[in-house]
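Next comes protein.csv, a file with CSV, C-alpha atoms.
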```csv
chain,number,residue,atom,x,y,z
V,3,MET,CA,-24.8,295.3,-9.3
V,4,PRO,CA,-22.8,292.5,-11.0
V,5,GLY,CA,-20.1,290.2,-9.6
V,6,ARG,CA,-18.3,287.0,-10.5
V,7,THR,CA,-19.6,285.4,-7.3
V,8,PRO,CA,-22.7,286.1,-5.2
V,9,ARG,CA,-20.5,287.5,-2.4
V,10,GLU,CA,-18.6,289.8,-4.8
V,11,ALA,CA,-21.9,291.1,-6.2
V,12,VAL,CA,-23.2,291.8,-2.6
V,13,LYS,CA,-20.0,293.5,-1.6
V,14,ALA,CA,-20.1,295.8,-4.6
V,15,TYR,CA,-23.7,296.7,-3.9
V,16,LEU,CA,-23.0,297.3,-0.2
V,17,GLU,CA,-19.9,299.4,-0.9
V,18,GLN,CA,-21.7,301.9,-3.2
V,19,LEU,CA,-24.4,302.5,-0.6
V,20,GLN,CA,-22.0,302.6,2.4
V,21,LYS,CA,-20.0,305.3,0.6
V,22,ASN,CA,-23.1,307.4,0.4
V,23,ILE,CA,-24.2,306.7,3.9
V,24,SER,CA,-20.8,307.8,5.1
V,25,ILE,CA,-21.2,311.2,3.4
V,26,VAL,CA,-24.0,312.1,5.7
V,27,SER,CA,-23.6,310.0,8.9
V,28,GLN,CA,-21.5,307.6,10.8
V,29,GLY,CA,-24.0,304.9,10.2
V,30,VAL,CA,-22.9,301.3,9.3
V,31,LEU,CA,-24.9,299.1,6.9
V,32,ARG,CA,-25.3,295.4,7.5
V,33,VAL,CA,-26.4,292.7,5.0
V,34,SER,CA,-28.2,289.5,6.0
V,35,ASN,CA,-27.0,287.3,3.1
V,36,TYR,CA,-23.9,287.2,1.0
V,37,ASP,CA,-24.4,283.8,-0.7
V,38,MET,CA,-27.9,282.4,-1.0
V,39,LEU,CA,-29.5,283.0,-4.4
V,40,GLU,CA,-33.1,284.2,-4.7
V,41,ALA,CA,-33.5,284.6,-0.9
V,42,VAL,CA,-35.3,287.7,0.3
V,43,SER,CA,-32.5,289.4,2.2
V,44,VAL,CA,-32.1,292.7,4.2
V,45,LEU,CA,-29.6,295.6,3.9
V,46,THR,CA,-30.1,298.0,6.8
V,47,LEU,CA,-28.4,300.4,9.2
V,48,LEU,CA,-27.6,298.8,12.5
V,49,ASP,CA,-29.7,301.6,13.9
V,50,PRO,CA,-31.2,304.9,12.6
V,51,THR,CA,-28.2,307.2,12.7
V,52,PRO,CA,-27.9,311.0,13.4
V,53,LEU,CA,-27.0,313.1,10.5
V,54,SER,CA,-23.7,315.0,10.3
V,55,GLY,CA,-24.2,318.6,11.4
V,56,ARG,CA,-27.9,317.9,12.2
V,57,PRO,CA,-27.9,315.7,15.2
V,58,ASP,CA,-31.6,316.4,15.7
V,59,LEU,CA,-32.3,314.5,12.5
V,60,TYR,CA,-32.0,310.7,12.1
V,61,LEU,CA,-31.6,308.7,8.9
V,62,SER,CA,-33.3,305.3,8.6
V,63,PHE,CA,-32.4,303.0,5.7
V,64,THR,CA,-33.6,299.6,4.8
V,65,GLN,CA,-33.7,297.7,1.6
V,66,GLN,CA,-34.7,294.2,0.7
V,67,TYR,CA,-32.7,292.6,-2.0
V,68,LYS,CA,-32.0,289.3,-3.6
V,69,ILE,CA,-29.0,287.8,-5.4
V,70,VAL,CA,-29.9,286.5,-8.8
V,71,LYS,CA,-28.0,284.7,-11.5
V,72,VAL,CA,-28.0,286.4,-14.9
V,73,PRO,CA,-25.4,284.6,-17.1
V,74,GLU,CA,-25.1,287.5,-19.5
V,75,ASN,CA,-24.5,290.1,-16.8
V,76,GLY,CA,-22.3,289.3,-13.9
V,77,PRO,CA,-23.1,286.4,-13.8
V,78,PHE,CA,-24.4,287.3,-10.3
V,79,ARG,CA,-26.1,290.5,-9.5
V,80,VAL,CA,-28.1,292.1,-6.6
V,81,THR,CA,-31.5,293.4,-7.3
V,82,THR,CA,-33.5,295.7,-5.0
V,83,LEU,CA,-36.9,294.4,-4.0
V,84,TYR,CA,-38.0,297.1,-1.7
V,85,TYR,CA,-36.6,300.3,-0.2
V,86,SER,CA,-37.4,302.6,2.7
V,87,TYR,CA,-35.4,305.7,3.4
V,88,ALA,CA,-36.6,308.1,6.0
V,89,ILE,CA,-35.6,311.2,7.8
V,90,GLU,CA,-36.9,311.1,11.4
V,91,THR,CA,-36.6,312.9,14.7
V,92,GLN,CA,-34.7,311.4,17.5
V,93,ASP,CA,-37.9,309.9,18.9
V,94,ALA,CA,-38.8,308.2,15.6
V,95,GLN,CA,-41.3,310.6,14.3
V,96,GLU,CA,-41.1,310.6,10.5
V,97,ILE,CA,-40.4,313.8,8.6
V,98,VAL,CA,-40.1,312.4,5.1
V,99,GLY,CA,-40.0,308.8,3.9
V,100,TYR,CA,-39.2,307.5,0.4
V,101,HIS,CA,-40.7,304.1,-0.1
V,102,TRP,CA,-41.1,301.5,-2.8
V,103,HIS,CA,-42.7,298.2,-2.1
V,104,PRO,CA,-44.0,296.6,-5.3
V,105,ASP,CA,-44.8,293.3,-3.7
V,106,GLY,CA,-45.8,294.4,-0.2
V,107,VAL,CA,-49.2,294.3,1.5
V,108,SER,CA,-50.0,297.9,0.6
V,109,PRO,CA,-52.0,298.4,-2.7
V,110,VAL,CA,-49.6,301.2,-3.5
V,111,ARG,CA,-47.0,299.7,-5.8
V,112,PHE,CA,-45.3,302.8,-7.3
V,113,PRO,CA,-42.3,304.6,-5.6
V,114,HIS,CA,-43.6,307.4,-3.4
V,115,LEU,CA,-42.9,310.0,-0.8
V,116,HIS,CA,-44.6,310.2,2.6
V,117,LEU,CA,-44.8,313.4,4.6
V,118,GLY,CA,-44.7,312.2,8.2
V,119,PRO,CA,-46.2,313.9,11.3
V,120,ALA,CA,-42.9,315.6,12.1
V,121,ALA,CA,-43.1,317.5,8.8
V,122,ARG,CA,-45.9,319.4,10.4
V,123,VAL,CA,-48.0,319.6,7.3
V,124,GLY,CA,-51.3,321.2,8.0
V,125,MET,CA,-53.6,319.3,5.6
V,126,GLU,CA,-54.7,316.0,7.2
V,127,ASP,CA,-54.9,314.2,3.8
V,128,LEU,CA,-51.3,315.0,3.0
V,129,ARG,CA,-50.0,314.2,6.5
V,130,ARG,CA,-51.5,310.8,6.9
V,131,LYS,CA,-52.6,309.3,3.6
V,132,ALA,CA,-50.7,310.7,0.7
V,133,HIS,CA,-48.4,308.6,-1.4
V,134,LEU,CA,-46.7,311.3,-3.5
V,135,PRO,CA,-45.3,309.6,-6.7
V,136,THR,CA,-41.6,310.0,-7.1
V,137,GLY,CA,-40.3,307.6,-9.7
V,138,ARG,CA,-37.6,305.3,-8.6
V,139,PHE,CA,-35.4,307.3,-6.1
V,140,ALA,CA,-31.7,306.5,-5.8
V,141,PHE,CA,-30.2,306.8,-2.4
V,142,GLU,CA,-27.7,309.2,-3.8
V,143,GLU,CA,-30.6,311.6,-4.4
V,144,VAL,CA,-31.5,311.3,-0.7
V,145,VAL,CA,-27.9,312.4,0.1
V,146,GLU,CA,-28.2,315.4,-2.2
V,147,PHE,CA,-31.6,316.3,-0.7
V,148,LEU,CA,-30.2,316.1,2.8
V,149,VAL,CA,-27.3,318.4,2.1
V,150,ALA,CA,-29.4,320.9,0.0
V,151,THR,CA,-32.5,321.0,2.2
V,152,PHE,CA,-31.6,320.1,5.8
V,153,GLY,CA,-28.1,321.6,5.9
V,154,VAL,CA,-26.5,318.2,6.6
V,155,GLU,CA,-22.7,318.7,6.5
V,156,PRO,CA,-21.1,316.2,4.0
V,157,ASP,CA,-18.3,314.3,5.6
V,158,ARG,CA,-16.2,314.0,2.4
V,159,THR,CA,-14.4,316.8,0.5
V,160,LEU,CA,-15.3,315.2,-2.8
V,161,TRP,CA,-18.8,314.1,-1.7
V,162,GLN,CA,-20.5,315.3,-4.9
V,163,GLU,CA,-18.0,313.3,-7.0
V,164,ILE,CA,-18.7,310.2,-5.0
V,165,VAL,CA,-22.5,310.8,-5.4
V,166,ASP,CA,-22.2,311.4,-9.1
V,167,LYS,CA,-20.0,308.3,-9.6
V,168,THR,CA,-22.1,305.9,-7.6
V,169,LYS,CA,-25.3,307.3,-9.1
V,170,SER,CA,-23.9,306.6,-12.6
V,171,VAL,CA,-23.1,303.1,-11.6
V,172,PHE,CA,-26.6,302.7,-10.3
V,173,ALA,CA,-28.1,304.1,-13.5
V,174,ARG,CA,-26.0,301.7,-15.6
V,175,HIS,CA,-27.1,298.6,-13.7
V,176,LYS,CA,-30.7,299.3,-12.7
V,177,THR,CA,-33.2,297.2,-14.6
V,178,TRP,CA,-36.1,299.7,-14.5
D,17,MET,CA,-1.3,294.7,36.3
D,18,SER,CA,-3.5,297.5,35.3
D,19,SER,CA,-7.2,297.5,36.0
D,20,ALA,CA,-8.0,297.9,32.3
D,21,LEU,CA,-6.6,294.4,31.7
D,22,LEU,CA,-9.0,293.0,34.3
D,23,ALA,CA,-12.1,294.8,32.9
D,24,PRO,CA,-14.8,292.3,32.0
D,25,THR,CA,-15.4,291.9,28.3
D,26,GLN,CA,-18.7,291.3,26.6
D,27,ALA,CA,-19.1,288.0,25.0
D,28,PRO,CA,-19.2,288.3,21.2
D,29,GLN,CA,-22.6,288.0,19.7
D,30,SER,CA,-23.4,285.6,16.9
D,31,GLU,CA,-24.6,286.9,13.6
D,32,ALA,CA,-28.1,285.7,14.4
D,33,GLN,CA,-28.0,287.5,17.7
D,34,VAL,CA,-26.9,290.8,16.0
D,35,ASP,CA,-29.7,290.4,13.5
D,36,ARG,CA,-32.3,289.7,16.1
D,37,ALA,CA,-31.1,292.7,18.2
D,38,ILE,CA,-31.5,295.0,15.1
D,39,PHE,CA,-35.1,293.8,14.8
D,40,GLU,CA,-35.8,294.1,18.5
D,41,ARG,CA,-34.6,297.8,18.5
D,42,ALA,CA,-36.6,298.6,15.4
D,43,SER,CA,-39.8,297.1,16.8
D,44,ARG,CA,-39.4,298.9,20.1
D,45,ARG,CA,-38.5,302.2,18.4
D,46,TYR,CA,-41.4,302.3,16.0
D,47,LEU,CA,-44.1,300.3,17.7
D,48,GLN,CA,-43.0,300.1,21.3
D,49,MET,CA,-43.3,296.3,21.2
D,50,SER,CA,-41.0,293.3,21.4
D,51,THR,CA,-40.0,291.2,18.5
D,52,ASP,CA,-42.2,288.3,19.7
D,53,GLU,CA,-45.2,290.6,20.1
D,54,PHE,CA,-44.7,292.1,16.7
D,55,VAL,CA,-44.4,288.8,15.0
D,56,GLU,CA,-47.5,287.5,16.7
D,57,LYS,CA,-49.5,290.6,15.7
D,58,TRP,CA,-48.1,290.6,12.2
D,59,ASN,CA,-49.1,287.0,11.6
D,60,SER,CA,-52.6,287.5,13.2
D,61,GLY,CA,-53.4,290.4,10.9
D,62,PHE,CA,-53.6,292.8,13.8
D,63,PHE,CA,-52.1,295.7,11.8
D,64,LYS,CA,-54.8,295.4,9.1
D,65,GLU,CA,-57.3,296.3,11.7
D,66,HIS,CA,-55.1,299.2,13.0
D,67,PRO,CA,-54.4,301.4,10.0
D,68,GLU,CA,-52.8,304.0,12.2
D,69,LEU,CA,-50.0,301.5,12.8
D,70,ALA,CA,-49.8,299.9,9.4
D,71,HIS,CA,-47.2,302.3,8.0
D,72,LYS,CA,-44.7,301.7,10.8
D,73,ALA,CA,-45.5,298.0,10.9
D,74,ALA,CA,-44.7,297.7,7.2
D,75,ASP,CA,-41.3,299.3,7.8
D,76,VAL,CA,-40.5,296.9,10.7
D,77,ALA,CA,-41.8,294.0,8.6
D,78,LEU,CA,-39.2,294.8,6.0
D,79,LEU,CA,-36.7,293.4,8.6
D,80,LEU,CA,-38.4,290.1,9.0
D,81,PRO,CA,-35.8,288.2,6.9
D,82,LEU,CA,-33.3,289.0,9.7
D,83,LEU,CA,-35.1,286.6,12.0
D,84,SER,CA,-34.5,283.7,9.7
D,85,ALA,CA,-31.4,284.6,7.7
D,86,ARG,CA,-28.6,282.7,9.5
```
What does the file become when written as structure tokens?
Amino acid sequence: MPGRTPREAVKAYLEQLQKNISIVSQGVLRVSNYDMLEAVSVLTLLDPTPLSGRPDLYLSFTQQYKIVKVPENGPFRVTTLYYSYAIETQDAQEIVGYHWHPDGVSPVRFPHLHLGPAARVGMEDLRRKAHLPTGRFAFEEVVEFLVATFGVEPDRTLWQEIVDKTKSVFARHKTW
Amino acid sequence: MSSALLAPTQAPQSEAQVDRAIFERASRRYLQMSTDEFVEKWNSGFFKEHPELAHKAADVALLLPLLSAR
């Protein structure tokens, strides 16, 4: 997400994601860094948040990002280093989790989906060990999944337009 | 004077305190341990020897930059 200053780039990045969070919950995102280039920084919900119309389900959202200088594009932009989006029960049992951690301690470097214990999948291998490949997953796709699959009630009349718009911005600026 | 005006107010938290509180809540929610205990176990490699906790530990570790950000 480009900006004329580091702060402008972070604000633009945050705004797109907060719009989507606000479609499905009252959750508030927080960023740890607006100014420092190349620092590993955190964008997260203050707390996992109950989903609109499904208070039995909680959304957890965390990204690591950094601000980079790209003179031909921005000149400042925010790049995602890592994401973790999960749907959980109130007592923190994961149902599904979308992860990507290319530089983490795990040997799994590709974007993937976990089926957590609260998904109640019968096969042990799928329940505990499976990293189901997904390709890079935009948070907007999580929003659509929540509405379509879990009956989450979108809190915006024009929610699909917001999702489509921010998804196209994401697609335009993502680097892979 | 109404009692509402006399109600005690919470001292505002610094940005660093808010960040640390987020970390503390996540560590307790997912691993039932304090921030200090998590950091000690993360640094010592404890979670590599406890694969049943590794997944949740990795998620909490995502938040580690909060402890040094401000």
Inset, instruction - Find the spatial neighbours of D:Phe39, counting all atoms listed in the file, within a cut-off of 8 Å - ignore same-chain residues fewer than 5 positions away - and output them as a PyMOL selection string. - result: chain D and resi 51+76+79-80+82-83
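Near chain D, counting all atoms listed in the file at 7 Å, the chain V residues are Ser34, Asn35, Val42, Ser43, Val44, Leu48, Asp49, Gln66 and Ala94 of chain V.
Residues surrounding V:Leu115 within 8 Å are V:Val98, V:Gly99, V:Tyr100, V:His101, V:Pro113, V:Leu117, V:Ala132, V:His133, V:Leu134, V:Pro135, V:Thr136 [only C-alpha atoms; sequence separation below 2 positions excluded].
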So that I have them on file, write out the residues from the current selection with C-alpha atoms, as an mmCIF file, in the frame of the given file.
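Final output, selection04.cif:
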```
data_model
loop_
_atom_site.group_PDB
_atom_site.id
_atom_site.type_symbol
_atom_site.label_atom_id
_atom_site.label_comp_id
_atom_site.auth_asym_id
_atom_site.auth_seq_id
_atom_site.Cartn_x
_atom_site.Cartn_y
_atom_site.Cartn_z
ATOM 1 C CA VAL V 98 -40.100 312.400 5.100
ATOM 2 C CA GLY V 99 -40.000 308.800 3.900
ATOM 3 C CA TYR V 100 -39.200 307.500 0.400
ATOM 4 C CA HIS V 101 -40.700 304.100 -0.100
ATOM 5 C CA PRO V 113 -42.300 304.600 -5.600
ATOM 6 C CA LEU V 117 -44.800 313.400 4.600
ATOM 7 C CA ALA V 132 -50.700 310.700 0.700
ATOM 8 C CA HIS V 133 -48.400 308.600 -1.400
ATOM 9 C CA LEU V 134 -46.700 311.300 -3.500
ATOM 10 C CA PRO V 135 -45.300 309.600 -6.700
ATOM 11 C CA THR V 136 -41.600 310.000 -7.100
#
```
Inset, instruction - Extract, using only C-alpha atoms, all DNA, RNA and protein residues at most 9 Å from V:Arg6, discarding same-chain residues fewer than 2 positions from it, and format them as a list in words. - result: Pro4, Pro8, Arg9, Glu10, Ala11, Gly76, Pro77, Phe78 and Arg79 of chain V
Those residues with C-alpha atoms, as a PDB file, keeping the file's coordinate frame please?
```
ATOM      1  CA  PRO V   4     -22.800 292.500 -11.000  1.00  0.00           C
ATOM      2  CA  PRO V   8     -22.700 286.100  -5.200  1.00  0.00           C
ATOM      3  CA  ARG V   9     -20.500 287.500  -2.400  1.00  0.00           C
ATOM      4  CA  GLU V  10     -18.600 289.800  -4.800  1.00  0.00           C
ATOM      5  CA  ALA V  11     -21.900 291.100  -6.200  1.00  0.00           C
ATOM      6  CA  GLY V  76     -22.300 289.300 -13.900  1.00  0.00           C
ATOM      7  CA  PRO V  77     -23.100 286.400 -13.800  1.00  0.00           C
ATOM      8  CA  PHE V  78     -24.400 287.300 -10.300  1.00  0.00           C
ATOM      9  CA  ARG V  79     -26.100 290.500  -9.500  1.00  0.00           C
TER      10      ARG V  79
END
```
Inset, instruction - Give me the residues within 12 Å of D:Lys57 as a PyMOL selection string, counting only C-alpha atoms and dropping any in the same chain fewer than 2 places off. - result: chain D and resi 43+47+49-55+59-66+69-70+73+77
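Straight-line separation from atom CA of V:Thr159 to atom CA of V:Tyr60: 21.9 Å.
When all atoms listed in the file are used to compute distances to V:His116, the closest of the residues V:Val165, V:Leu128, V:Leu148, V:Ala14 turns out to be V:Leu128.
Polymer residues near (-26.6, 321.2, 12.1): counting only C-alpha atoms with a cut-off of 7 Å, they are Gly55, Arg56, Pro57, Gly153 and Val154 of chain V.
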Write out, as an mmCIF file, in the coordinates of the input, the residues just selected, with C-alpha atoms.
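Result saved to part-v2.cif:
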```cif
data_model
loop_
_atom_site.group_PDB
_atom_site.id
_atom_site.type_symbol
_atom_site.label_atom_id
_atom_site.label_comp_id
_atom_site.auth_asym_id
_atom_site.auth_seq_id
_atom_site.Cartn_x
_atom_site.Cartn_y
_atom_site.Cartn_z
ATOM 1 C CA GLY V 55 -24.200 318.600 11.400
ATOM 2 C CA ARG V 56 -27.900 317.900 12.200
ATOM 3 C CA PRO V 57 -27.900 315.700 15.200
ATOM 4 C CA GLY V 153 -28.100 321.600 5.900
ATOM 5 C CA VAL V 154 -26.500 318.200 6.600
#
```
Inset, instruction - Kindly indicate which residue among V:Lys21, V:Lys71, V:Lys131, V:Arg32 lies nearest to D:Pro67, using only C-alpha atoms for the distances. - result: V:Lys131
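Within 10 Å of the point (-34.9, 301.9, -5.5) in file coordinates, and counting only C-alpha atoms, lie the residues Gln65, Gln66, Thr81, Thr82, Leu83, Tyr84, Tyr85, Ser86, Tyr87, Tyr100, His101, Trp102, His103, Pro113, Gly137, Arg138, Phe139, Ala140, Phe141, Phe172, Lys176 and Trp178 of chain V.
Interatomic distance, atom CA of V:Val145 against atom CA of V:Ile23: 7.8 Å.
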